[in-house]
Structures are given as C-alpha cells and as structure tokens.
>>> print(open('run_8.cif').read())   # mmCIF, C-alpha atoms and all ligand atoms
data_coords
#
loop_
_atom_site.label_atom_id
_atom_site.label_comp_id
_atom_site.auth_asym_id
_atom_site.auth_seq_id
_atom_site.Cartn_x
_atom_site.Cartn_y
_atom_site.Cartn_z
CA MET A 16 -20.91 37.76 8.89
CA ALA A 17 -21.21 41.52 8.36
CA PRO A 18 -24.51 42.74 6.85
CA ASN A 19 -24.64 43.65 3.23
CA ALA A 20 -27.05 46.55 3.40
CA ALA A 21 -24.71 49.00 1.64
CA ASP A 22 -24.93 47.22 -1.74
CA PRO A 23 -28.34 48.42 -3.07
CA LYS A 24 -27.52 51.97 -2.03
CA ILE A 25 -24.29 51.92 -4.01
CA ILE A 26 -26.13 50.74 -7.12
CA GLN A 27 -28.74 53.46 -6.73
CA SER A 28 -26.25 56.26 -6.32
CA VAL A 29 -24.18 54.99 -9.25
CA SER A 30 -27.10 55.03 -11.72
CA HIS A 31 -28.12 58.49 -10.54
CA LEU A 32 -24.62 59.91 -11.11
CA ASP A 33 -24.42 58.25 -14.50
CA TRP A 34 -27.61 59.84 -15.72
CA HIS A 35 -26.78 63.20 -14.17
CA ALA A 36 -23.33 63.40 -15.79
CA ALA A 37 -24.79 62.54 -19.20
CA SER A 38 -27.54 65.19 -19.14
CA ILE A 39 -25.62 68.25 -17.92
CA TYR A 40 -23.18 68.55 -20.84
CA PRO A 41 -24.71 69.08 -24.30
CA CYS A 42 -21.48 68.49 -26.23
CA SER A 43 -21.10 64.84 -26.91
CA ALA A 44 -17.25 65.02 -26.69
CA ILE A 45 -17.45 66.70 -23.31
CA ARG A 46 -20.24 64.33 -22.38
CA VAL A 47 -18.13 61.30 -23.21
CA GLN A 48 -15.14 62.78 -21.39
CA GLN A 49 -17.35 63.62 -18.44
CA ASN A 50 -18.91 60.21 -18.57
CA VAL A 51 -15.50 58.57 -18.46
CA GLU A 52 -14.45 60.74 -15.59
CA ALA A 53 -17.72 60.16 -13.81
CA LEU A 54 -17.37 56.40 -14.24
CA GLN A 55 -13.80 56.53 -12.97
CA TRP A 56 -14.97 58.52 -10.02
CA ILE A 57 -17.79 56.12 -9.36
CA GLN A 58 -15.32 53.27 -9.60
CA GLU A 59 -13.09 54.97 -7.05
CA VAL A 60 -16.02 55.70 -4.78
CA LYS A 61 -17.18 52.12 -5.03
CA GLN A 62 -13.70 50.84 -4.30
CA SER A 63 -13.22 53.11 -1.32
CA MET A 64 -16.73 52.69 0.06
CA ARG A 65 -16.70 51.23 3.53
CA CYS A 66 -19.20 49.34 5.61
CA SER A 67 -20.50 51.37 8.57
CA HIS A 68 -20.68 48.21 10.71
CA CYS A 69 -17.19 46.85 10.33
CA TRP A 70 -15.45 49.61 8.37
CA CYS A 71 -14.25 47.03 5.83
CA LEU A 72 -14.34 47.89 2.10
CA ALA A 73 -17.63 47.15 0.34
CA GLN A 74 -16.03 44.62 -2.06
CA GLU A 75 -14.73 42.65 0.88
CA HIS A 76 -18.29 41.78 1.85
CA GLU A 77 -19.95 38.72 0.38
CA THR A 78 -23.23 38.99 -1.53
CA GLU A 79 -26.43 37.68 0.01
CA THR A 80 -26.39 34.63 -2.30
CA GLN A 81 -22.82 33.82 -1.31
CA ALA A 82 -23.75 34.24 2.35
CA LYS A 83 -26.74 31.91 1.91
CA VAL A 84 -24.69 29.21 0.15
CA ARG A 85 -21.97 29.43 2.79
CA GLY A 86 -24.54 29.22 5.56
CA GLU A 87 -26.05 26.10 4.02
CA LEU A 88 -22.63 24.46 3.57
CA GLU A 89 -21.69 25.27 7.15
CA ALA A 90 -24.96 23.86 8.44
CA ALA A 91 -24.45 20.63 6.44
CA ALA A 92 -20.89 20.30 7.76
CA ASP A 93 -22.13 20.85 11.31
CA GLU A 94 -24.76 18.18 10.82
CA ARG A 95 -22.20 15.71 9.48
CA ALA A 96 -19.89 16.44 12.41
CA ARG A 97 -22.78 15.94 14.84
CA GLN A 98 -23.68 12.60 13.25
CA LYS A 99 -20.04 11.49 13.36
CA ARG A 100 -19.81 12.40 17.06
CA ALA A 101 -22.96 10.38 17.69
CA ARG A 102 -21.59 7.39 15.75
CA ASP A 103 -18.25 7.63 17.56
CA ALA A 104 -19.99 7.76 20.93
CA MET A 105 -22.08 4.72 20.00
CA GLU A 106 -19.04 2.83 18.77
CA ALA A 107 -17.15 3.70 21.98
CA GLN A 108 -20.05 2.27 23.98
CA HIS A 109 -20.09 -0.85 21.79
CA ARG A 110 -16.37 -1.30 22.38
CA ILE A 111 -16.81 -1.10 26.14
CA ASN A 112 -19.67 -3.60 25.93
CA ARG A 113 -17.60 -6.02 23.84
CA VAL A 114 -14.63 -5.91 26.20
CA GLN A 115 -17.00 -6.52 29.13
CA ALA A 116 -18.71 -9.38 27.29
CA SER A 117 -15.31 -10.90 26.63
CA ARG A 118 -14.40 -10.74 30.33
CA GLN A 119 -17.75 -12.28 31.13
CA ARG A 120 -17.05 -15.15 28.72
CA ALA A 121 -13.71 -15.78 30.40
CA GLU A 122 -15.33 -15.76 33.88
CA ASN A 123 -18.14 -18.07 32.79
CA ALA A 124 -15.68 -20.45 31.18
CA GLU A 125 -13.62 -20.60 34.36
CA GLN A 126 -16.65 -21.19 36.57
CA GLU A 127 -17.99 -23.90 34.32
CA GLY A 128 -14.60 -25.46 33.77
CA ILE A 129 -14.72 -24.87 29.99
CA GLU A 130 -11.52 -24.27 28.05
CA LEU A 131 -11.06 -20.60 27.11
CA ARG A 132 -9.34 -20.30 23.74
CA LYS A 133 -7.30 -17.38 22.51
CA THR A 134 -6.43 -16.44 18.96
CA ARG A 135 -4.52 -13.56 17.41
CA GLN A 136 -5.80 -14.39 13.93
CA ASP A 137 -8.23 -12.45 11.78
CA MET A 138 -10.89 -14.95 10.69
CA LEU A 139 -11.41 -13.17 7.35
CA ARG A 140 -7.84 -12.39 6.29
CA GLY A 141 -6.26 -15.36 8.03
CA ALA A 142 -3.54 -12.98 9.19
CA GLU A 143 -2.08 -12.55 12.63
CA LEU A 144 -3.00 -9.08 13.89
CA GLY A 145 -1.17 -6.50 15.97
CA GLY A 146 -2.21 -3.09 17.34
CA CYS A 147 -5.41 -1.22 16.60
CA GLU A 148 -5.76 1.88 14.43
CA GLY A 149 -9.34 2.42 15.60
CA CYS A 150 -8.52 3.28 19.22
CA SER A 151 -4.70 3.17 19.43
CA GLU A 152 -4.96 1.72 22.93
CA CYS A 153 -4.90 -1.96 22.04
CA PRO A 154 -1.90 -4.03 23.24
CA GLY A 155 -2.45 -6.39 20.28
CA PHE A 156 -5.40 -8.20 18.74
CA GLU A 157 -6.78 -11.15 20.69
CA VAL A 158 -10.10 -12.96 20.70
CA HIS A 159 -11.02 -14.89 23.84
CA TYR A 160 -13.67 -17.47 23.12
CA THR A 161 -14.95 -20.93 23.93
CA GLU A 162 -15.81 -23.65 21.45
CA HIS A 163 -19.42 -22.48 21.70
CA HIS A 164 -18.48 -19.10 20.16
CA ALA A 165 -16.06 -20.38 17.53
CA LEU A 166 -18.48 -19.59 14.66
CA ASP A 167 -20.12 -16.53 16.20
CA THR A 168 -19.08 -13.53 14.07
CA LYS A 169 -20.22 -11.12 16.83
CA VAL A 170 -17.49 -12.64 18.98
CA MET A 171 -14.83 -13.73 16.50
CA PHE A 172 -14.67 -10.50 14.44
CA TYR A 173 -13.95 -8.27 17.47
CA CYS A 174 -10.89 -7.78 19.62
CA SER A 175 -11.32 -8.87 23.25
CA MET A 176 -8.65 -6.39 24.31
CA CYS A 177 -10.04 -3.13 22.87
CA GLY A 178 -13.44 -4.13 21.45
CA CYS A 179 -12.70 -2.80 17.93
CA ASP A 180 -13.40 -4.60 14.67
CA ALA A 181 -10.61 -6.98 13.56
CA ALA A 182 -10.34 -4.95 10.31
CA LYS A 183 -9.11 -1.94 12.34
CA HIS A 184 -6.09 -3.90 13.56
CA THR A 185 -2.84 -3.88 11.63
CA ILE A 186 -1.37 -7.06 10.24
CA CYS A 187 1.58 -8.30 12.29
CA SER A 188 4.85 -7.56 10.49
CA ALA A 189 6.39 -10.85 11.72
CA TRP A 190 3.42 -12.73 10.28
CA LYS A 191 3.75 -10.82 6.98
CA ALA A 192 7.45 -11.71 6.76
CA GLN A 193 6.68 -15.35 7.47
CA GLU A 194 3.96 -15.41 4.81
CA GLU A 195 6.32 -13.82 2.32
CA LYS A 196 8.90 -16.50 3.09
CA LYS A 197 6.27 -19.21 2.58
CA ARG A 198 5.18 -17.65 -0.70
CA LYS A 199 8.78 -17.51 -1.96
CA ALA A 200 9.40 -21.12 -0.93
CA LEU A 201 6.29 -22.19 -2.82
CA GLU A 202 7.33 -20.24 -5.89
CA HIS A 203 10.76 -21.81 -5.69
CA GLU A 204 9.24 -25.27 -5.44
CA GLN A 205 6.91 -24.63 -8.40
CA GLU A 206 9.83 -23.38 -10.46
CA ALA A 207 11.91 -26.47 -9.58
CA ARG A 208 8.98 -28.72 -10.50
CA ARG A 209 8.50 -26.91 -13.81
CA LYS A 210 12.18 -27.32 -14.63
CA ALA A 211 12.12 -31.03 -13.72
CA TRP A 212 9.09 -31.46 -15.97
CA GLU A 213 10.88 -29.71 -18.83
CA ARG A 214 13.94 -31.95 -18.39
CA HIS A 215 11.68 -35.00 -18.35
CA ASN A 216 9.94 -33.93 -21.58
CA HIS A 217 13.26 -33.20 -23.22
CA ARG A 218 14.59 -36.68 -22.34
CA GLN A 219 11.38 -38.26 -23.64
CA GLN A 220 11.75 -36.47 -26.97
CA GLN A 221 15.38 -37.50 -27.19
CA THR A 222 14.61 -41.17 -26.64
CA ALA A 223 11.69 -41.05 -29.08
CA ARG A 224 14.01 -39.67 -31.74
CA SER A 225 16.76 -42.19 -31.15
CA GLN A 226 14.42 -45.13 -30.85
CA PRO A 227 14.80 -47.79 -33.62
CA LYS A 228 11.98 -48.16 -36.17
CA PRO A 229 9.43 -50.75 -35.10
CA ALA A 230 10.91 -54.14 -35.97
CA ALA A 231 7.64 -55.75 -37.09
CA ALA A 232 6.86 -53.10 -39.70
CA LEU A 233 10.40 -53.28 -41.06
CA LYS A 234 10.16 -57.05 -41.28
CA THR A 235 6.91 -56.75 -43.29
CA LEU A 236 8.77 -54.64 -45.81
CA GLY A 237 11.64 -57.15 -45.78
CA LEU A 238 14.10 -54.74 -44.14
CA HIS A 239 16.58 -55.03 -41.27
CA LEU A 240 16.71 -52.80 -38.17
CA GLY A 241 18.35 -49.47 -38.88
CA ALA A 242 17.07 -49.20 -42.44
CA THR A 243 17.16 -45.64 -43.78
CA THR A 244 14.09 -43.66 -44.92
CA LYS A 245 15.24 -44.03 -48.49
CA GLN A 246 15.51 -47.81 -48.14
CA ILE A 247 12.04 -47.94 -46.56
CA SER A 248 10.49 -45.97 -49.46
CA ALA A 249 12.18 -48.12 -52.04
CA ALA A 250 11.13 -51.34 -50.33
CA TYR A 251 7.56 -50.12 -50.04
CA ARG A 252 7.37 -49.18 -53.75
CA LYS A 253 8.65 -52.61 -54.68
CA MET A 254 6.27 -54.49 -52.36
CA ALA A 255 3.27 -52.35 -53.32
CA LEU A 256 3.83 -53.13 -57.02
CA ARG A 257 4.34 -56.79 -56.19
CA TRP A 258 1.05 -57.08 -54.20
CA HIS A 259 -1.14 -54.59 -56.01
CA PRO A 260 -4.58 -56.22 -56.52
CA ASP A 261 -4.60 -55.19 -60.19
CA LYS A 262 -1.42 -57.17 -60.77
CA ASN A 263 -2.77 -60.26 -59.02
CA PRO A 264 -6.02 -61.26 -60.65
CA GLY A 265 -7.78 -64.55 -60.18
CA ALA A 266 -7.39 -66.86 -57.19
CA ASP A 267 -4.41 -64.91 -55.78
CA ARG A 268 -6.27 -61.63 -55.68
CA GLU A 269 -7.61 -61.95 -52.15
CA HIS A 270 -4.24 -62.94 -50.70
CA ALA A 271 -2.55 -60.15 -52.65
CA GLN A 272 -5.05 -57.61 -51.41
CA ALA A 273 -4.36 -58.59 -47.79
CA LYS A 274 -0.60 -58.34 -48.37
CA PHE A 275 -1.03 -54.98 -50.08
CA VAL A 276 -2.93 -53.62 -47.07
CA GLU A 277 -0.29 -55.04 -44.73
CA VAL A 278 2.69 -53.40 -46.46
CA THR A 279 0.86 -50.12 -46.92
CA GLU A 280 0.06 -50.02 -43.20
CA ALA A 281 3.61 -50.93 -42.27
CA PHE A 282 4.94 -48.15 -44.51
CA LYS A 283 2.44 -45.63 -43.04
CA SER A 284 3.45 -46.51 -39.49
CA LEU A 285 7.13 -46.11 -40.34
CA ARG A 286 6.54 -42.82 -42.14
CA ASP A 287 4.55 -41.43 -39.22
CA GLU A 288 7.36 -42.18 -36.80
ZN ZN B 1 -19.29 45.23 7.27
ZN ZN B 2 -7.64 -4.66 19.80
ZN ZN B 3 -9.14 -0.90 19.09
#
>>> encode(input="run_8.cif", output="structure tokens")
Amino acid sequence: MAPNAADPKIIQSVSHLDWHAASIYPCSAIRVQQNVEALQWIQEVKQSMRCSHCWCLAQEHETETQAKVRGELEAAADERARQKRARDAMEAQHRINRVQASRQRAENAEQEGIELRKTRQDMLRGAELGGCEGCSECPGFEVHYTEHHALDTKVMFYCSMCGCDAAKHTICSAWKAQEEKKRKALEHEQEARRKAWERHNHRQQQTARSQPKPAAALKTLGLHLGATTKQISAAYRKMALRWHPDKNPGADREHAQAKFVEVTEAFKSLRDE
C-alpha cells in the first residue's frame, strides 16, 4: 500500500487558499466570483495532485481508515486460510492412518483366520457408494471389516480405500436407479391395493342396497318379503294402533305393551336399513 501522507497537506493548503481568496477582494460580487474560481482551482489541484512515492493521483489512494480495515480483513482471511491448511493437513494424515489401519485389519484377519467382510454401503444412508469427492483418488467406497468391527463407527463410517468419511462419497447411480425402480414398484402396488379396496367397498355397498329387508321384522309387521316402504309404514301404523297400551287396558295391557314394543322395534330396524 502506498503511504497517505499527502492528505493532511492538501487539506491545509486548501483552507489557506480559501481564506486568502476571500480576504483580498473587498467587493462581495468579485469575492464570490473569486471564491468560485478559487474553489474550482483547488478542485483541479486536488484532482491533479500526485503522490511523490508512486506518482498516482491523490484520490486513488485509500484513507488510513480504509487501509486499516483492509489490513484487518486480510489478516483474518490469512488466519482462516492458515487454519484450513492445518485442518487439511490433519485430515490427510487421518486418511493415511485409516487406510493403514484398514490394511492392518485385513492382515490380522488373515493371520487369525477370521473372515474379512467388505461392504460398499453407507451405514447411515443405506446407499451403495461410489467415488469420493473429498480426495478424488478413491476407486469406489469400500469398508473392510471383521465381525468385531461391525458396530464400530470409527471403522464403518470411513472408506478403507481412501480413508475419507462415507459422507464424502457419491451415491452410486446404479443403486439410485434400482432404488427408484423399487419405489415405483411399491407405489404401483399401493395404488393397485387402493383400487382393489375401493372395488371391494363398492361391491359391499351394492349388496347392502339390494339386500332384502330382514324377514323377521317384516313378519312381525305381518308383511311378506319385498314389501315397499309405503307398505311397511302403513302396516306399522295399523299395528301400533292395535297394540297401543292405552287401547288395551286391563288384563291385556301387559301383553299389548310387549307387542307394541316389538312392532315399534321391527319398524325402527326396517326404517334404519
Ligand atoms: Zn502513492
Ligand atoms: Zn473412498
Ligand atoms: Zn476419499
């Protein structure tokens, strides 16, 4: 950054010229005119003033505050970059360690005669994984493990081939296509089941509508199967009058009451059909 030392000097000389121009001319019109001219001149001087260090125009230099803010931002960016480099270096070392540990597991398994298992699946997403976006040097996600490590997230979440986190590996396009096919098949099946259920309900409603009125209730009202609603109402009115407790006083009252309840219930059940 070029120094900014010219700035205060410019300000000083400008205020001096201002005052000087105003005091020389007693006539206010001339004074104003002279002031305007002086200001224009000052403006021109300011605009054409150059830095003795870099010979750039004064206005092309940043102020001290701007320089300070920029310096701070640059320092913060540098610090972030430094931290990222440190993290990357650490992660690279971790990757190397993981790949080595994986080889070690395979060797141990062979020596001890234990089965070494291999999976291309991401434990979290359940997806089959392909190449790695973290290092771009992975031939394809694989975890080499023994039964002993099957639940160890430090083993199962990391690729044995490149040492990166499973999450950095892309999902296999073949696996995606297969999953999509499965999803469509399931949807298709659900749709078919829903339609079958609708057909079933429809049939049920149809049969319920076409079903004959319960025979027992009709018999109570003294009607034959296939009696119309009108006939049922008429029969009920007749029977209800016939067995109404008020119309059957004395010894018959109890019997009449029972009959009245019976026909009323029969009518209700038919009406509710
Ligand atoms: Zn300069
Ligand atoms: Zn990998
Ligand atoms: Zn990787």
>>> closest_residue(input="run_8.cif", among="A:Ala116, A:Arg110, A:His164, A:Ala92", to="A:Arg132", atoms="only C-alpha atoms")
A:His164
>>> atom_distance(input="run_8.cif", atom1="atom CA of A:Pro260", atom2="atom CA of A:Leu236")
17.2 Å
>>> atom_distance(input="run_8.cif", atom1="atom CA of A:Val278", atom2="atom CA of A:Gln246")
14.1 Å
>>> residues_near_ligand(input="run_8.cif", ligand="ligand ZN 3 (chain B)", cutoff="10 Å", atoms="all atoms listed in the file", output="ChimeraX atom specification")
/A:107,110,146-156,173-184
>>> axis_aligned_box(input="run_8.cif", around="stretch 159-178 of chain A", padding_each_side="5 Å", output="JSON")
{"center_x": -14.4, "center_y": -13.4, "center_z": 19.2, "size_x": 21.6, "size_y": 30.5, "size_z": 20.2}
>>> closest_residue(input="run_8.cif", among="A:Gly141, A:Pro229, A:Gly86, A:Gly237", to="A:Lys253", atoms="all atoms listed in the file")
A:Gly237
>>> atom_distance(input="run_8.cif", atom1="atom CA of A:Met254", atom2="atom CA of A:Lys274")
8.8 Å
>>> residues_around(input="run_8.cif", residues="stretch 120-130 of chain A", least_positions_apart="5", cutoff="8 Å", atoms="all atoms listed in the file", output="PDB file with C-alpha atoms, keeping the file's coordinate frame")
ATOM      1  CA  HIS A 159     -11.020 -14.890  23.840  1.00  0.00           C
ATOM      2  CA  TYR A 160     -13.670 -17.470  23.120  1.00  0.00           C
ATOM      3  CA  THR A 161     -14.950 -20.930  23.930  1.00  0.00           C
ATOM      4  CA  GLU A 162     -15.810 -23.650  21.450  1.00  0.00           C
TER       5      GLU A 162
END
>>> residues_around(input="run_8.cif", residues="A:Ser188", least_positions_apart="6", cutoff="10 Å", atoms="all atoms listed in the file", output="mmCIF file with C-alpha atoms, in the frame of the given file")
data_model
loop_
_atom_site.group_PDB
_atom_site.id
_atom_site.type_symbol
_atom_site.label_atom_id
_atom_site.label_comp_id
_atom_site.auth_asym_id
_atom_site.auth_seq_id
_atom_site.Cartn_x
_atom_site.Cartn_y
_atom_site.Cartn_z
ATOM 1 C CA GLU A 143 -2.080 -12.550 12.630
ATOM 2 C CA LEU A 144 -3.000 -9.080 13.890
ATOM 3 C CA GLY A 145 -1.170 -6.500 15.970
ATOM 4 C CA GLU A 194 3.960 -15.410 4.810
#
>>> closest_residue(input="run_8.cif", among="A:Ala165, A:Ile247, A:Ala91, A:Leu72", to="ligand ZN 1 (chain B)", atoms="all atoms listed in the file")
A:Leu72
>>> closest_residue(input="run_8.cif", among="A:Thr185, A:Asn50, A:Thr222, A:Gln108", to="ligand ZN 2 (chain B)", atoms="all atoms listed in the file")
A:Thr185
>>> closest_residue(input="run_8.cif", among="A:Ala271, A:Cys69, A:Leu240, A:Met171", to="ligand ZN 1 (chain B)", atoms="only C-alpha atoms and all ligand atoms")
A:Cys69
>>> closest_residue(input="run_8.cif", among="A:Glu77, A:Glu59, A:Val114, A:Gln48", to="ligand ZN 2 (chain B)", atoms="all atoms listed in the file")
A:Val114
>>> residues_around(input="run_8.cif", residues="A:Glu280", least_positions_apart="4", cutoff="12 Å", atoms="all atoms listed in the file", output="short mmCIF file (atom, residue, chain, number, x, y, z; two decimals) with C-alpha atoms, keeping the file's coordinate frame")
data_model
loop_
_atom_site.label_atom_id
_atom_site.label_comp_id
_atom_site.auth_asym_id
_atom_site.auth_seq_id
_atom_site.Cartn_x
_atom_site.Cartn_y
_atom_site.Cartn_z
CA ALA A 231 7.64 -55.75 -37.09
CA ALA A 232 6.86 -53.10 -39.70
CA LEU A 233 10.40 -53.28 -41.06
CA THR A 235 6.91 -56.75 -43.29
CA LEU A 236 8.77 -54.64 -45.81
CA TYR A 251 7.56 -50.12 -50.04
CA MET A 254 6.27 -54.49 -52.36
CA ALA A 255 3.27 -52.35 -53.32
CA ALA A 273 -4.36 -58.59 -47.79
CA LYS A 274 -0.60 -58.34 -48.37
CA PHE A 275 -1.03 -54.98 -50.08
CA VAL A 276 -2.93 -53.62 -47.07
CA SER A 284 3.45 -46.51 -39.49
CA LEU A 285 7.13 -46.11 -40.34
CA ARG A 286 6.54 -42.82 -42.14
CA ASP A 287 4.55 -41.43 -39.22
#
